[in-house]
Amino acid sequence: KEKVEITKEQQALMKIITDAYNRHQIPQDVAKKLLQDQYSAEENFLLLTEMATSQVQVLVEFTKNIPGFLSLDREDQIALLKGSAVEAMFLRSAQVFSRKMPSGHTEVLEERIRKSGISEEFITPMFNFYKSIGELHMVQEEQALLTTVTILTPDRPYVKDQQAVERLQETMLDVLRKLCVLQHPQEPQYFARLLGRLTELRTLSHYHTEMLASWRMNDHKFTPLLCEIWDV
Ligand SMILES: O=C(Nc1ccccc1F)[C@H](C1CCCCC1)n1c(-c2ccc(Cl)cc2)nc2cc(F)c(F)cc21
């Protein structure tokens, strides 16, 4: 049984990333808003575009705190942000959905999202993903590192120096792997399950353009930033 040990440097890296991850969260809590009131499809769509726009802004701030990210080629930094923004939003949504809430709140939240305007065909895959993330009961360090690993995906479109991104991602994967072993000693497969979620996340994110286009309302308006990032 090999002794898994997180080094001092890895401990420091994890602290920087987790603190940044917790610092750069959306100011107002979308779950609270959704639990307070029932909104029309138009109001929900507007809320989504506002949330997604501010999510991109906090994602940019968060990446500045990933050690080594700012040393990457500038255009590659943009390519990584553009390539991971939708996945980061769905990952964040899943973490919001999986948060411990007073009994009955998760059901209300699920109901509100089901009725928000998203077309039927996307509801099941989306909630399957949210529930599979919830079942992992990730600690906040794992959530922060998983988002970091998602951002540092070398094979995003237009990334020139993939090796440099790969080296950074591997550094984060090594810390995440050790953390999983230490946090979930009874589950040797936990780390593999965690990475399997990233495949599900990528698949779900492929639907996002259709999910938005099929939102049950006419004339979908987007912010300039979302047009940039969401290919809409
Ligand atoms: O705001 C949102 N997500 C979100 C974005 C950035 C940061 C944090 C976020 F939670 C939207 C709302 C918007 C308003 C209508 C209902 C869905 N949202 C989604 C979601 C996201 C994108 C598509 Cl295409 C379809 C649904 N899944 C959610 C699960 C939740 F638990 C939750 F609280 C909100 C959620």
# chains A, B, ... in the order shown; residues from 1 in each chain; ligands from 1
call {"tool": "residues_near_ligand", "arguments": {"ligand": "ligand 1", "cutoff": "7 Å", "atoms": "only C-alpha atoms and all ligand atoms", "output": "PyMOL selection string"}}
result
chain A and resi 26+30-31+34+44-45+47-48+51-52+55+89-90+92-94+96-97+109+112-113+116+118+208+211-212
call {"tool": "closest_atom_pairs", "arguments": {"of": "stretch 35-133 of chain A", "to": "stretch 12-24 of chain A", "cutoff": "10 Å", "atoms": "only C-alpha atoms", "output": "CSV"}}
result
residue,atom,partner,partner_atom,distance
A:Gln55,CA,A:His24,CA,9.0
A:Gln57,CA,A:His24,CA,9.0
A:Val58,CA,A:His24,CA,5.3
A:Leu59,CA,A:His24,CA,7.5
A:Val60,CA,A:His24,CA,9.3
A:Glu61,CA,A:His24,CA,6.9
A:Phe62,CA,A:Ala20,CA,5.9
A:Thr63,CA,A:Ala20,CA,8.7
A:Lys64,CA,A:Ala20,CA,9.0
A:Asn65,CA,A:Ala20,CA,6.3
A:Ile66,CA,A:Ile17,CA,6.2
A:Pro67,CA,A:Leu13,CA,7.5
call {"tool": "residues_around", "arguments": {"residues": "A:Leu182", "least_positions_apart": "2", "cutoff": "12 Å", "atoms": "only C-alpha atoms", "output": "ChimeraX atom specification"}}
result
/A:2-6,139,142,175-180,184-188,190-191
call {"tool": "closest_atom_pairs", "arguments": {"of": "stretch 82-110 of chain A", "to": "stretch 228-232 of chain A", "cutoff": "8 Å", "atoms": "only C-alpha atoms", "output": "JSON lines"}}
result
{"residue": "A:Lys82", "atom": "CA", "partner": "A:Ile229", "partner_atom": "CA", "distance": 5.5}
{"residue": "A:Ala85", "atom": "CA", "partner": "A:Ile229", "partner_atom": "CA", "distance": 7.0}
{"residue": "A:Val86", "atom": "CA", "partner": "A:Trp230", "partner_atom": "CA", "distance": 7.1}
call {"tool": "residues_around", "arguments": {"residues": "A:Met217", "least_positions_apart": "2", "cutoff": "8 Å", "atoms": "only C-alpha atoms", "output": "list in words"}}
result
Ala41, Glu42, Gly117, Ser214, Trp215, Asp219 and His220 of chain A
call {"tool": "residues_around", "arguments": {"residues": "A:Pro102", "least_positions_apart": "6", "cutoff": "12 Å", "atoms": "only C-alpha atoms", "output": "list in words"}}
result
Lys32, Leu35, Val108 and Leu109 of chain A
call {"tool": "residues_around", "arguments": {"residues": "A:Lys115", "least_positions_apart": "4", "cutoff": "9 Å", "atoms": "only C-alpha atoms", "output": "list in words"}}
result
Gln38, Ser40, Ala41, Glu110, Glu111 and Ser119 of chain A
call {"tool": "closest_residue", "arguments": {"among": "A:Glu135, A:Tyr207, A:Thr150, A:Gln140", "to": "A:Ile123", "atoms": "only C-alpha atoms"}}
result
A:Tyr207
call {"tool": "atom_distance", "arguments": {"atom1": "atom CA of A:Thr209", "atom2": "atom CA of A:Gln169"}}
result
26.9 Å
call {"tool": "atom_distance", "arguments": {"atom1": "atom CA of A:Glu166", "atom2": "atom CA of A:Pro125"}}
result
29.1 Å
call {"tool": "closest_residue", "arguments": {"among": "A:Lys8, A:Arg216, A:Lys33, A:Arg197", "to": "A:Gln143", "atoms": "only C-alpha atoms"}}
result
A:Arg197
call {"tool": "closest_residue", "arguments": {"among": "A:Val165, A:Gln11, A:Pro224, A:Thr124", "to": "A:Glu50", "atoms": "only C-alpha atoms"}}
result
A:Pro224
